[in-house]
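With compact mmCIF, C-alpha atoms and all ligand atoms inside, this is my_file.txt:
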# COMPACT_ATOMS: atom_id res chain seq x y z
CA MET A 1 -18.77 -1.39 -24.66
CA GLY A 2 -16.27 1.39 -25.22
CA LEU A 3 -13.90 2.76 -22.65
CA SER A 4 -12.24 6.07 -23.29
CA THR A 5 -9.76 8.12 -21.40
CA ALA A 6 -11.10 11.15 -19.63
CA TYR A 7 -8.52 13.70 -20.62
CA SER A 8 -8.72 16.22 -23.40
CA PRO A 9 -5.66 16.44 -25.65
CA ALA A 10 -4.46 19.32 -23.54
CA GLY A 11 -4.73 17.14 -20.46
CA SER A 12 -7.63 18.90 -18.78
CA ARG A 13 -10.50 16.94 -17.22
CA LEU A 14 -13.34 15.93 -19.45
CA VAL A 15 -15.41 13.98 -17.00
CA THR A 16 -16.26 14.86 -13.46
CA THR A 17 -18.74 12.97 -11.36
CA PRO A 18 -20.30 15.33 -8.85
CA LEU A 19 -21.36 13.67 -5.65
CA GLY A 20 -25.08 13.14 -5.36
CA ALA A 21 -27.11 13.83 -2.25
CA GLY A 22 -29.47 11.26 -0.80
CA ALA A 23 -29.68 7.99 1.09
CA ALA A 24 -26.14 6.90 0.36
CA GLN A 25 -24.86 9.98 2.07
CA LEU A 26 -26.73 9.14 5.25
CA LEU A 27 -24.69 5.95 5.46
CA ARG A 28 -21.56 7.94 4.93
CA PRO A 29 -21.44 10.61 7.60
CA ARG A 30 -17.94 11.87 6.91
CA ARG A 31 -18.30 12.16 3.20
CA THR A 32 -16.72 15.36 1.95
CA PRO A 33 -18.38 17.45 -0.75
CA LEU A 34 -15.73 16.77 -3.34
CA ALA A 35 -15.57 15.28 -6.78
CA THR A 36 -14.07 12.24 -8.44
CA VAL A 37 -12.39 12.24 -11.82
CA ARG A 38 -12.14 8.96 -13.64
CA CYS A 39 -9.22 8.68 -15.96
CA SER A 40 -10.30 5.59 -17.82
CA VAL A 41 -13.96 5.08 -17.42
CA ASP A 42 -16.80 3.35 -19.09
CA ALA A 43 -17.89 6.16 -21.37
CA ALA A 44 -21.24 4.57 -22.18
CA LYS A 45 -22.04 4.38 -18.46
CA GLN A 46 -21.09 8.01 -17.95
CA VAL A 47 -23.55 9.05 -20.61
CA GLN A 48 -26.23 6.91 -18.99
CA ASP A 49 -25.45 8.41 -15.61
CA GLY A 50 -25.56 11.88 -17.10
CA ALA A 51 -22.02 12.33 -15.80
CA ALA A 52 -20.18 12.85 -19.06
CA THR A 53 -19.80 16.42 -20.17
CA VAL A 54 -18.36 15.47 -23.55
CA ALA A 55 -19.72 12.64 -25.69
CA PRO A 56 -17.15 9.99 -26.56
CA GLU A 57 -15.64 10.65 -29.97
CA LYS A 58 -15.79 8.15 -32.78
CA PRO A 59 -12.54 6.33 -33.37
CA ALA A 60 -12.17 7.89 -36.83
CA SER A 61 -11.94 11.41 -35.38
CA ARG A 62 -9.34 10.50 -32.80
CA LYS A 63 -6.30 10.67 -35.02
CA GLY A 64 -3.39 12.64 -33.69
CA PHE A 65 -4.35 12.68 -30.02
CA GLY A 66 -1.94 9.96 -29.01
CA VAL A 67 -2.70 8.29 -25.73
CA PHE A 68 -5.61 10.58 -24.96
CA SER A 69 -7.64 9.07 -27.76
CA THR A 70 -7.10 5.46 -26.75
CA ILE A 71 -10.28 3.41 -26.85
CA TYR A 72 -10.52 0.16 -25.02
CA ASP A 73 -13.22 -2.22 -26.09
CA LEU A 74 -14.17 -3.89 -22.84
CA LYS A 75 -16.06 -6.73 -24.51
CA ALA A 76 -13.13 -7.67 -26.66
CA ASP A 77 -11.07 -6.96 -23.62
CA SER A 78 -12.77 -9.59 -21.47
CA GLU A 79 -12.42 -12.12 -24.33
CA HIS A 80 -8.78 -11.18 -24.49
CA CYS A 81 -8.42 -11.64 -20.72
CA LYS A 82 -10.08 -15.06 -20.91
CA SER A 83 -7.84 -16.17 -23.73
CA LYS A 84 -4.87 -15.09 -21.66
CA SER A 85 -6.24 -16.90 -18.60
CA TRP A 86 -6.15 -13.73 -16.60
CA LYS A 87 -7.66 -13.73 -13.15
CA LYS A 88 -10.62 -11.62 -12.06
CA LEU A 89 -9.82 -7.91 -11.76
CA VAL A 90 -8.44 -6.81 -8.40
CA SER A 91 -9.27 -3.31 -7.24
CA ILE A 92 -6.56 -1.48 -5.30
CA ALA A 93 -6.97 1.84 -3.50
CA VAL A 94 -3.84 3.89 -2.80
CA SER A 95 -3.96 6.98 -0.59
CA GLY A 96 -1.29 9.67 -0.77
CA ALA A 97 -1.08 8.63 -4.39
CA ALA A 98 0.69 11.81 -5.46
CA GLY A 99 3.37 11.38 -2.79
CA MET A 100 6.93 10.11 -2.96
CA ILE A 101 6.31 6.49 -1.97
CA SER A 102 3.37 6.10 -4.32
CA ASN A 103 5.38 7.50 -7.17
CA HIS A 104 7.51 4.37 -6.96
CA LEU A 105 4.82 1.94 -5.92
CA LEU A 106 2.10 2.61 -8.48
CA PHE A 107 4.24 1.65 -11.42
CA LYS A 108 5.27 -1.58 -9.74
CA LEU A 109 1.63 -2.44 -9.12
CA ALA A 110 0.71 -1.62 -12.71
CA SER A 111 3.56 -3.62 -14.21
CA GLY A 112 2.34 -6.88 -12.70
CA GLU A 113 5.39 -7.45 -10.54
CA VAL A 114 3.31 -7.40 -7.37
CA PHE A 115 0.20 -9.47 -8.08
CA GLY A 116 1.54 -11.44 -11.02
CA GLN A 117 1.43 -11.31 -14.80
CA ASP A 118 -2.00 -12.94 -14.92
CA GLN A 119 -3.66 -10.45 -12.57
CA PRO A 120 -5.37 -7.42 -14.12
CA ILE A 121 -5.82 -4.52 -11.70
CA ALA A 122 -7.79 -1.31 -11.26
CA LEU A 123 -6.03 1.50 -9.41
CA LYS A 124 -8.14 3.88 -7.36
CA LEU A 125 -6.07 6.82 -6.26
CA LEU A 126 -7.03 8.92 -3.27
CA GLY A 127 -5.83 12.50 -3.04
CA SER A 128 -6.95 15.84 -1.70
CA GLU A 129 -7.53 19.32 -3.03
CA ARG A 130 -3.88 19.99 -2.27
CA SER A 131 -2.70 17.14 -4.47
CA PHE A 132 -5.43 16.81 -7.05
CA GLN A 133 -3.60 18.28 -10.01
CA ALA A 134 -0.53 16.24 -9.23
CA LEU A 135 -2.78 13.20 -9.05
CA GLU A 136 -4.02 13.91 -12.54
CA GLY A 137 -0.39 13.95 -13.61
CA VAL A 138 0.19 10.60 -11.91
CA ALA A 139 -2.81 9.14 -13.72
CA MET A 140 -1.54 10.50 -17.02
CA GLU A 141 1.84 8.87 -16.47
CA LEU A 142 0.19 5.57 -15.63
CA GLU A 143 -1.86 5.74 -18.79
CA ASP A 144 1.13 6.71 -20.87
CA SER A 145 2.97 3.65 -19.60
CA LEU A 146 0.47 1.39 -21.44
CA TYR A 147 0.63 -1.40 -18.90
CA PRO A 148 -1.50 -4.25 -20.28
CA LEU A 149 -2.61 -5.38 -16.81
CA LEU A 150 -3.74 -1.92 -15.73
CA ARG A 151 -7.39 -1.90 -16.76
CA GLU A 152 -8.61 1.22 -14.99
CA VAL A 153 -7.25 4.27 -13.21
CA SER A 154 -9.57 6.49 -11.24
CA ILE A 155 -8.75 9.39 -8.98
CA GLY A 156 -10.77 11.05 -6.29
CA MET A 157 -10.79 13.03 -3.07
CA ASP A 158 -13.58 11.27 -1.24
CA PRO A 159 -12.53 8.04 0.50
CA TYR A 160 -16.17 6.86 0.43
CA GLU A 161 -16.01 6.90 -3.36
CA VAL A 162 -12.44 5.81 -3.87
CA PHE A 163 -12.66 2.86 -1.46
CA GLU A 164 -15.86 1.46 -2.94
CA ASP A 165 -15.54 -2.34 -3.33
CA VAL A 166 -11.75 -2.25 -3.15
CA ASP A 167 -9.92 -5.51 -2.44
CA TRP A 168 -6.78 -3.79 -1.16
CA ALA A 169 -6.24 -0.44 0.53
CA LEU A 170 -2.66 0.80 0.65
CA LEU A 171 -2.88 3.72 3.05
CA ILE A 172 0.19 5.85 2.46
CA GLY A 173 -1.19 9.38 2.57
CA ALA A 174 0.11 11.08 5.71
CA LYS A 175 2.57 13.75 6.68
CA PRO A 176 6.16 12.45 6.84
CA ARG A 177 8.53 13.48 9.64
CA GLY A 178 11.41 15.86 9.17
CA PRO A 179 14.98 15.71 10.51
CA GLY A 180 15.23 15.23 14.28
CA MET A 181 11.56 14.27 14.75
CA GLU A 182 10.26 10.99 16.15
CA ARG A 183 7.50 9.30 14.17
CA ALA A 184 5.19 9.40 17.19
CA ALA A 185 5.11 13.20 16.91
CA LEU A 186 3.06 12.75 13.72
CA LEU A 187 0.16 11.14 15.54
CA ASP A 188 -1.70 14.41 16.19
CA ILE A 189 -1.66 15.26 12.49
CA ASN A 190 -2.02 11.81 10.95
CA GLY A 191 -4.20 9.91 13.44
CA GLN A 192 -7.45 11.52 12.29
CA ILE A 193 -6.75 10.59 8.66
CA TYR A 194 -6.78 6.92 9.65
CA ALA A 195 -9.90 7.24 11.77
CA ASP A 196 -11.73 8.76 8.78
CA GLN A 197 -10.36 6.24 6.31
CA GLY A 198 -11.19 3.33 8.62
CA LYS A 199 -14.82 4.51 8.71
CA ALA A 200 -14.90 4.84 4.93
CA LEU A 201 -13.42 1.36 4.42
CA ASN A 202 -15.92 -0.07 6.86
CA ALA A 203 -18.79 1.49 4.93
CA VAL A 204 -17.88 0.81 1.33
CA ALA A 205 -14.87 -1.48 0.79
CA SER A 206 -15.03 -5.18 0.02
CA PRO A 207 -15.81 -6.89 3.37
CA ASN A 208 -12.54 -8.81 3.08
CA VAL A 209 -10.40 -5.83 2.06
CA LYS A 210 -6.72 -6.15 3.02
CA VAL A 211 -5.36 -2.94 4.50
CA ILE A 212 -1.69 -1.98 4.69
CA VAL A 213 -1.03 1.16 6.73
CA VAL A 214 2.18 2.95 5.80
CA GLY A 215 1.67 6.52 7.05
CA ASN A 216 3.46 7.14 10.33
CA PRO A 217 3.24 6.33 13.14
CA CYS A 218 2.07 3.30 11.20
CA ASN A 219 1.40 0.84 14.05
CA THR A 220 -0.82 3.27 15.91
CA ASN A 221 -2.47 4.44 12.70
CA ALA A 222 -3.22 0.81 11.77
CA LEU A 223 -4.84 0.30 15.15
CA ILE A 224 -6.90 3.49 14.76
CA CYS A 225 -7.98 2.43 11.29
CA MET A 226 -8.90 -1.07 12.48
CA LYS A 227 -10.90 0.22 15.45
CA ASN A 228 -12.91 2.40 13.08
CA ALA A 229 -13.69 -0.51 10.77
CA PRO A 230 -15.35 -3.13 12.98
CA ASN A 231 -16.95 -4.95 10.03
CA ILE A 232 -13.60 -5.78 8.48
CA PRO A 233 -11.70 -8.74 10.00
CA ALA A 234 -8.99 -7.44 12.35
CA LYS A 235 -6.45 -9.79 10.82
CA ASN A 236 -6.77 -7.87 7.54
CA PHE A 237 -5.06 -4.77 8.97
CA HIS A 238 -1.30 -4.54 8.66
CA ALA A 239 1.17 -1.88 9.71
CA LEU A 240 4.15 -1.86 7.38
CA THR A 241 7.14 -3.20 9.30
CA ARG A 242 8.56 -4.92 6.24
CA LEU A 243 10.99 -2.07 5.59
CA ASP A 244 12.58 -2.76 8.98
CA GLU A 245 12.77 -6.47 8.17
CA ASN A 246 14.49 -5.70 4.88
CA ARG A 247 16.90 -3.29 6.56
CA ALA A 248 17.75 -5.88 9.21
CA LYS A 249 18.32 -8.57 6.58
CA CYS A 250 20.56 -6.21 4.66
CA GLN A 251 22.72 -5.45 7.71
CA LEU A 252 23.10 -9.13 8.64
CA ALA A 253 23.97 -10.08 5.07
CA LEU A 254 26.59 -7.33 4.80
CA LYS A 255 28.18 -8.32 8.11
CA ALA A 256 28.18 -12.04 7.25
CA GLY A 257 29.45 -11.41 3.74
CA VAL A 258 26.58 -13.29 2.12
CA PHE A 259 23.90 -12.28 -0.35
CA TYR A 260 20.64 -10.96 1.11
CA ASP A 261 18.58 -13.96 0.09
CA LYS A 262 20.55 -16.12 2.51
CA VAL A 263 19.02 -14.31 5.48
CA SER A 264 15.66 -15.66 6.71
CA ASN A 265 13.38 -15.78 9.76
CA MET A 266 13.75 -12.09 10.51
CA THR A 267 11.24 -10.68 12.99
CA ILE A 268 10.79 -7.06 13.97
CA TRP A 269 9.32 -6.81 17.47
CA GLY A 270 7.62 -3.64 18.58
CA ASN A 271 6.64 -0.56 16.64
CA HIS A 272 8.09 0.85 13.45
CA SER A 273 10.07 3.28 15.60
CA THR A 274 13.42 3.69 17.31
CA THR A 275 12.24 1.34 20.08
CA GLN A 276 11.80 -1.63 17.76
CA VAL A 277 13.76 -4.83 18.35
CA PRO A 278 15.14 -6.51 15.23
CA ASP A 279 15.39 -10.14 16.36
CA PHE A 280 18.85 -11.49 15.55
CA LEU A 281 18.36 -14.38 18.01
CA ASN A 282 15.85 -16.15 15.78
CA ALA A 283 17.21 -14.93 12.45
CA LYS A 284 19.04 -17.40 10.25
CA ILE A 285 21.83 -17.04 7.75
CA ASP A 286 22.06 -19.83 5.21
CA GLY A 287 19.80 -21.88 7.49
CA ARG A 288 22.03 -21.45 10.58
CA PRO A 289 21.33 -19.19 13.59
CA ALA A 290 22.69 -15.72 12.83
CA LYS A 291 24.60 -15.77 16.14
CA GLU A 292 26.54 -18.83 14.99
CA VAL A 293 27.51 -17.20 11.72
CA ILE A 294 28.26 -13.73 13.10
CA LYS A 295 30.52 -14.25 16.10
CA ASP A 296 30.74 -10.55 16.88
CA THR A 297 28.11 -10.50 19.67
CA LYS A 298 28.83 -6.88 20.59
CA TRP A 299 28.03 -5.83 17.02
CA LEU A 300 24.81 -7.84 17.04
CA GLU A 301 23.63 -6.55 20.39
CA GLU A 302 24.57 -2.92 19.93
CA GLU A 303 25.46 -1.74 16.46
CA PHE A 304 23.06 -3.94 14.50
CA THR A 305 20.05 -3.01 16.60
CA LEU A 306 20.86 0.71 16.63
CA THR A 307 21.49 0.76 12.88
CA VAL A 308 18.13 -0.79 12.09
CA GLN A 309 16.28 1.32 14.65
CA ASN A 310 17.72 4.55 13.29
CA ARG A 311 17.99 3.79 9.59
CA GLY A 312 14.95 5.88 8.64
CA GLY A 313 16.16 8.89 10.65
CA VAL A 314 19.68 8.73 9.21
CA LEU A 315 18.23 8.56 5.73
CA ILE A 316 16.20 11.71 6.40
CA GLN A 317 19.38 13.50 7.54
CA LYS A 318 21.12 12.53 4.29
CA TRP A 319 18.26 12.93 1.78
CA GLY A 320 16.32 15.70 3.48
CA ARG A 321 13.20 13.55 3.05
CA SER A 322 12.14 10.11 4.18
CA SER A 323 12.74 6.84 2.38
CA ALA A 324 10.47 6.33 -0.59
CA ALA A 325 11.87 3.85 -3.13
CA SER A 326 12.87 1.26 -0.54
CA THR A 327 9.53 1.73 1.21
CA ALA A 328 7.71 1.04 -2.05
CA VAL A 329 9.80 -2.11 -2.49
CA SER A 330 8.93 -3.20 1.03
CA ILE A 331 5.21 -2.68 0.36
CA VAL A 332 5.61 -4.91 -2.69
CA ASP A 333 7.35 -7.51 -0.52
CA ALA A 334 4.62 -7.24 2.12
CA ILE A 335 1.84 -7.79 -0.41
CA ARG A 336 3.65 -10.65 -2.09
CA SER A 337 4.16 -12.32 1.28
CA LEU A 338 0.44 -12.03 1.96
CA VAL A 339 -0.63 -13.57 -1.33
CA THR A 340 1.92 -16.36 -1.65
CA PRO A 341 2.71 -19.29 0.65
CA THR A 342 5.65 -18.58 2.95
CA PRO A 343 8.67 -20.77 2.15
CA GLU A 344 8.84 -23.80 4.46
CA GLY A 345 10.32 -22.89 7.85
CA ASP A 346 10.54 -19.16 7.16
CA TRP A 347 8.28 -16.28 8.26
CA PHE A 348 7.94 -12.58 7.62
CA SER A 349 7.21 -9.58 9.77
CA SER A 350 4.04 -7.51 9.68
CA GLY A 351 2.26 -5.35 12.23
CA VAL A 352 -1.07 -7.02 13.01
CA SER A 353 -3.30 -6.79 16.04
CA LEU A 354 -2.52 -9.24 18.78
CA TYR A 355 -6.09 -8.76 19.95
CA TYR A 356 -6.98 -10.95 17.01
CA TRP A 357 -4.70 -13.61 18.47
CA LYS A 358 -5.98 -13.15 22.03
CA SER A 359 -7.05 -16.77 22.43
CA LEU A 360 -3.50 -17.68 21.52
CA TRP A 361 -1.86 -15.19 23.83
CA HIS A 362 -4.49 -15.01 26.62
CA SER A 363 -4.22 -11.28 26.47
CA ARG A 364 -6.78 -8.62 25.73
CA GLU A 365 -4.09 -6.08 25.13
CA HIS A 366 -3.96 -4.46 21.72
CA ARG A 367 -0.59 -4.60 20.11
CA VAL A 368 0.09 -4.29 16.47
CA GLN A 369 2.95 -6.65 15.89
CA TYR A 370 3.46 -10.21 14.71
CA ALA A 371 5.65 -12.53 12.71
CA MET A 372 3.51 -14.30 10.16
CA GLN A 373 3.34 -17.31 7.90
CA ILE A 374 0.97 -17.75 4.99
CA LYS A 375 -0.13 -21.30 4.17
CA GLY A 376 -0.67 -22.22 0.54
N1 LIG A 401 5.93 2.44 7.53
C1 LIG A 401 7.02 2.71 6.88
O1 LIG A 401 7.90 1.84 6.74
C2 LIG A 401 7.25 4.04 6.26
C3 LIG A 401 6.31 5.03 6.41
N2 LIG A 401 6.50 6.26 5.83
C4 LIG A 401 5.44 7.24 6.00
O2 LIG A 401 4.61 7.25 4.84
C5 LIG A 401 3.93 8.51 4.77
C6 LIG A 401 4.01 9.05 3.35
O3 LIG A 401 5.34 9.30 2.99
P1 LIG A 401 5.72 9.97 1.57
O4 LIG A 401 4.96 9.35 0.47
O5 LIG A 401 7.19 10.01 1.50
O6 LIG A 401 5.20 11.44 1.82
P2 LIG A 401 4.89 12.62 0.78
O7 LIG A 401 5.02 13.87 1.53
O8 LIG A 401 5.64 12.44 -0.48
O9 LIG A 401 3.35 12.35 0.43
C7 LIG A 401 2.48 12.18 1.44
C8 LIG A 401 1.08 12.42 0.97
O10 LIG A 401 0.31 12.36 2.15
C9 LIG A 401 -0.78 13.25 2.07
N3 LIG A 401 -0.94 14.02 3.29
C10 LIG A 401 -1.96 13.89 4.15
N4 LIG A 401 -1.86 14.73 5.16
C11 LIG A 401 -0.76 15.46 4.95
C12 LIG A 401 -0.14 16.54 5.65
N5 LIG A 401 -0.64 17.02 6.79
N6 LIG A 401 1.00 17.02 5.13
C13 LIG A 401 1.53 16.54 4.01
N7 LIG A 401 0.98 15.52 3.29
C14 LIG A 401 -0.16 15.01 3.76
C15 LIG A 401 -0.51 14.13 0.85
O11 LIG A 401 -1.41 13.67 -0.12
P3 LIG A 401 -2.88 14.23 -0.22
O12 LIG A 401 -2.79 15.73 -0.21
O13 LIG A 401 -3.29 13.65 -1.51
O14 LIG A 401 -3.64 13.68 0.94
C16 LIG A 401 0.88 13.78 0.38
O15 LIG A 401 0.98 13.71 -1.03
C17 LIG A 401 4.59 9.39 5.83
O16 LIG A 401 3.79 9.43 6.98
C18 LIG A 401 5.90 8.68 6.12
O17 LIG A 401 6.39 8.97 7.40
C19 LIG A 401 7.60 6.53 5.08
C20 LIG A 401 8.56 5.58 4.90
C21 LIG A 401 8.48 4.27 5.51
O1 LIG A 402 11.88 7.49 9.03
C1 LIG A 402 10.79 7.92 8.62
O2 LIG A 402 10.15 8.82 9.13
C2 LIG A 402 10.22 7.25 7.42
C3 LIG A 402 10.16 5.84 7.77
O3 LIG A 402 9.26 5.42 8.47
C4 LIG A 402 11.33 5.04 7.49
O4 LIG A 402 12.12 5.34 6.59
O5 LIG A 402 11.49 4.04 8.18
Would you mind writing the file out in structure tokens?
Amino acid sequence: MGLSTAYSPAGSRLVTTPLGAGAAQLLRPRRTPLATVRCSVDAAKQVQDGAATVAPEKPASRKGFGVFSTIYDLKADSEHCKSKSWKKLVSIAVSGAAGMISNHLLFKLASGEVFGQDQPIALKLLGSERSFQALEGVAMELEDSLYPLLREVSIGMDPYEVFEDVDWALLIGAKPRGPGMERAALLDINGQIYADQGKALNAVASPNVKVIVVGNPCNTNALICMKNAPNIPAKNFHALTRLDENRAKCQLALKAGVFYDKVSNMTIWGNHSTTQVPDFLNAKIDGRPAKEVIKDTKWLEEEFTLTVQNRGGVLIQKWGRSSAASTAVSIVDAIRSLVTPTPEGDWFSSGVSLYYWKSLWHSREHRVQYAMQIKG
């Protein structure tokens, strides 16, 4: 079975898959009348589906087109995967894929540094009319990077198409705040995005999809998304608080004069906002309570907390835009923590619904916050 890229040499789209009408649409009430472009698709299937507008060229005529004429032979490919003992393909949806954070994250995902060097992946990138051309550029860059583990890149504007059967949904697409704004002020604009995407995940994603909500205000957005996806286990929804954990670890390490990896057991209580509480009481440095190592209690109680709470805002003042590279790194850390056993005695911070833990906490209150451990 051949697999060809879907760009012409000039980079324009060759293959578009118009959305069909019919029964599927009835199940998908919020489906938007938009199209999907696959960047590396099964060309034979497109012809079958009547979706291809240009027949796949024979290899002999492909000379001189560089990456655009790449042909993957999926049959040989699966043999190749077997011989390399690769795992089964994991399908990852990323929204806001043409944005700043994604621009860092996608290449980390494709390189294998997140899921491992034995884990082939398919990237399904969600954009909008506003970002679609940029998204094509992103897909081109991914293809040009020739990552062996990246088996498929597809881009689209309809979450009901992009989220189909995905194992992970990294929900980044949302308006960022500007200088002087609080993240909560974004709720009016961004909340609806997460309601819509929750419904789409509920309808078409893998029933055990893991969802990481990054777009701000991320705790509330995660809750909105979760409430709109009742078929997906609540414990699968995470609001990204890992960036705060990393920032807190960094500050403690700098103050103690140790390397970052000596800081453990860092919890972020509360929302990813200026009201959060980075927990220095339970944090450890080199296995000892942070308070024993850092004797400057005033610094811990005042400066440390304020620094972590306001780090994102200060960064916006300096950069003129919100953190992107360090956020991408923290998404990588968050995923890795969810797929690998937590080191003995340590934990990590992630925003999950306490409703899920209600038997534990005897509370029906929804909060999106928890310190977690993964057992291997
Ligand atoms: N939880 C955390 O730790 C962090 C969260 N964030 C948050 O992540 C989100 C994305 O940040 P970043 O990638 O830097 O942002 P960018 O502006 O670079 O990209 C955001 C993408 O979101 C989509 N989007 C959806 N609605 C809007 C809108 N109304 N205005 C603008 N863009 C919109 C756009 O994609 P499209 O058109 O394809 O939909 C856009 O490409 C923000 O909400 C930001 O506050 C940032 C840092 C840390
Ligand atoms: O500050 C922002 O708005 C972006 C963000 O969430 C962060 O950097 O922590």
field: Contact residues around Thr307 of chain A with all atoms listed in the file at 10 Å, ignoring same-chain residues under 2 positions, as an NGL selection string
entry: :A and (247-248 or 251 or 274 or 278 or 302-305 or 309-314)
- request: In Å, rounded to a single decimal, give me how far atom CA of Glu164 of chain A is from atom CA of Ile335 of chain A.
  value: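 A separation of 20.1 Å between them.
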Around ligand LIG 402 (chain A), which protein and nucleic acid residues have at least one atom no more than 8 Å from it, if we count only C-alpha atoms and all ligand atoms? List them as a short mmCIF file (atom, residue, chain, number, x, y, z; two decimals) with C-alpha atoms, in the frame of the given file.
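Once written, selection-v4.cif looks like this:
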data_model
loop_
_atom_site.label_atom_id
_atom_site.label_comp_id
_atom_site.auth_asym_id
_atom_site.auth_seq_id
_atom_site.Cartn_x
_atom_site.Cartn_y
_atom_site.Cartn_z
CA PRO A 176 6.16 12.45 6.84
CA ARG A 177 8.53 13.48 9.64
CA GLY A 178 11.41 15.86 9.17
CA MET A 181 11.56 14.27 14.75
CA GLU A 182 10.26 10.99 16.15
CA ARG A 183 7.50 9.30 14.17
CA VAL A 214 2.18 2.95 5.80
CA GLY A 215 1.67 6.52 7.05
CA ASN A 216 3.46 7.14 10.33
CA PRO A 217 3.24 6.33 13.14
CA CYS A 218 2.07 3.30 11.20
CA LEU A 243 10.99 -2.07 5.59
CA ASP A 244 12.58 -2.76 8.98
CA HIS A 272 8.09 0.85 13.45
CA SER A 273 10.07 3.28 15.60
CA ASN A 310 17.72 4.55 13.29
CA ARG A 311 17.99 3.79 9.59
CA GLY A 312 14.95 5.88 8.64
CA GLY A 313 16.16 8.89 10.65
CA VAL A 314 19.68 8.73 9.21
CA LEU A 315 18.23 8.56 5.73
CA ILE A 316 16.20 11.71 6.40
CA SER A 322 12.14 10.11 4.18
CA SER A 323 12.74 6.84 2.38
CA ALA A 324 10.47 6.33 -0.59
CA THR A 327 9.53 1.73 1.21
#
field: atom CA of Ala174 of chain A to atom CA of Ser330 of chain A, distance in Å rounded to a single decimal
entry: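 According to the coordinates, atom CA of Ala174 of chain A and atom CA of Ser330 of chain A are separated by 17.4 Å.
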message: Here is a test: counting all atoms listed in the file, which residue of A:Leu149, A:Ala290, A:Val258, A:Leu281 is nearest to Glu113 of chain A?
response: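 Among the listed residues, the smallest separation from Glu113 of chain A belongs to A:Leu149.
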message: Just checking: using only C-alpha atoms, which residue out of A:Leu123, A:Leu254, A:Leu201, A:Ile172 ends up closest to Asn231 of chain A?
response: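 Using only C-alpha atoms, the shortest distance to Asn231 of chain A belongs to A:Leu201.
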task: Write out as a ChimeraX atom specification the residues lying within 12 Å of Gly112 of chain A, counting all atoms listed in the file and excluding same-chain residues fewer than 3 positions away.
output: /A:86,90,105-109,115-122,147-151,332,336
Residues of the last selection are to be written out with C-alpha atoms, as a JSON list (two decimals), in the coordinates of the input.
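Saved result, result-v8.json, follows:
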[["chain", "number", "residue", "atom", "x", "y", "z"],
["A", 86, "TRP", "CA", -6.15, -13.73, -16.60],
["A", 90, "VAL", "CA", -8.44, -6.81, -8.40],
["A", 105, "LEU", "CA", 4.82, 1.94, -5.92],
["A", 106, "LEU", "CA", 2.10, 2.61, -8.48],
["A", 107, "PHE", "CA", 4.24, 1.65, -11.42],
["A", 108, "LYS", "CA", 5.27, -1.58, -9.74],
["A", 109, "LEU", "CA", 1.63, -2.44, -9.12],
["A", 115, "PHE", "CA", 0.20, -9.47, -8.08],
["A", 116, "GLY", "CA", 1.54, -11.44, -11.02],
["A", 117, "GLN", "CA", 1.43, -11.31, -14.80],
["A", 118, "ASP", "CA", -2.00, -12.94, -14.92],
["A", 119, "GLN", "CA", -3.66, -10.45, -12.57],
["A", 120, "PRO", "CA", -5.37, -7.42, -14.12],
["A", 121, "ILE", "CA", -5.82, -4.52, -11.70],
["A", 122, "ALA", "CA", -7.79, -1.31, -11.26],
["A", 147, "TYR", "CA", 0.63, -1.40, -18.90],
["A", 148, "PRO", "CA", -1.50, -4.25, -20.28],
["A", 149, "LEU", "CA", -2.61, -5.38, -16.81],
["A", 150, "LEU", "CA", -3.74, -1.92, -15.73],
["A", 151, "ARG", "CA", -7.39, -1.90, -16.76],
["A", 332, "VAL", "CA", 5.61, -4.91, -2.69],
["A", 336, "ARG", "CA", 3.65, -10.65, -2.09]]
statement: Taken to one decimal, the atom C8 of ligand LIG 401 (chain A)-atom CA of Val138 of chain A distance is 13.0 Å
- line: Of A:Gly351, A:Gly287, A:Gly198, A:Gly345, the one sitting nearest ligand LIG 401 (chain A) when using only C-alpha atoms and all ligand atoms is A:Gly351
query: Neighbours of segment 159-161 of chain A within 7 Å (all atoms listed in the file; same-chain residues fewer than 4 positions away dropped), as a list in words?
result: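 Once the adjacent positions are removed, what remains is Arg31, Leu126, Gln197, Ala200 and Val204 of chain A.
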- prompt: Near Lys291 of chain A, within 9 Å and counting all atoms listed in the file, which residues show up once chain neighbours fewer than 4 positions away are dropped, as a ChimeraX atom specification?
  reply: /A:280-285,295-297,300
Enclose ligand LIG 401 (chain A), meaning all of its atoms listed in the file, in a box aligned along x, y and z, pad it by 3 Å on each side, and list the centre and edge lengths in Å to one decimal, as lines of an AutoDock Vina configuration file.
center_x = 2.5
center_y = 9.4
center_z = 3.0
size_x = 18.2
size_y = 21.2
size_z = 15.0
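Of the residues under consideration (A:Val352, A:Val94, A:Leu89, A:Val263), A:Val94 shows the shortest atom-to-atom contact distance to ligand LIG 401 (chain A) when counting only C-alpha atoms and all ligand atoms.
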Proximity to ligand LIG 401 (chain A) - best of A:Leu223, A:Ala169, A:Ala184, A:Ile232, all atoms listed in the file: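 Of A:Leu223, A:Ala169, A:Ala184, A:Ile232, the one nearest ligand LIG 401 (chain A), counting all atoms listed in the file, is A:Ala184.
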task: Using all atoms listed in the file, pick whichever of A:Ile268, A:Ala253, A:Ala328, A:Ile92 has the shortest atom-to-atom distance to Val166 of chain A.
output: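 Once distances to Val166 of chain A are computed over all atoms listed in the file, the minimum belongs to A:Ile92.
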- prompt: Counting only C-alpha atoms, what is within 9 Å of Asn221 of chain A, bar same-chain residues fewer than 3 positions away, as an NGL selection string?
  reply: :A and (187 or 190-195 or 213-218 or 224-226 or 239)
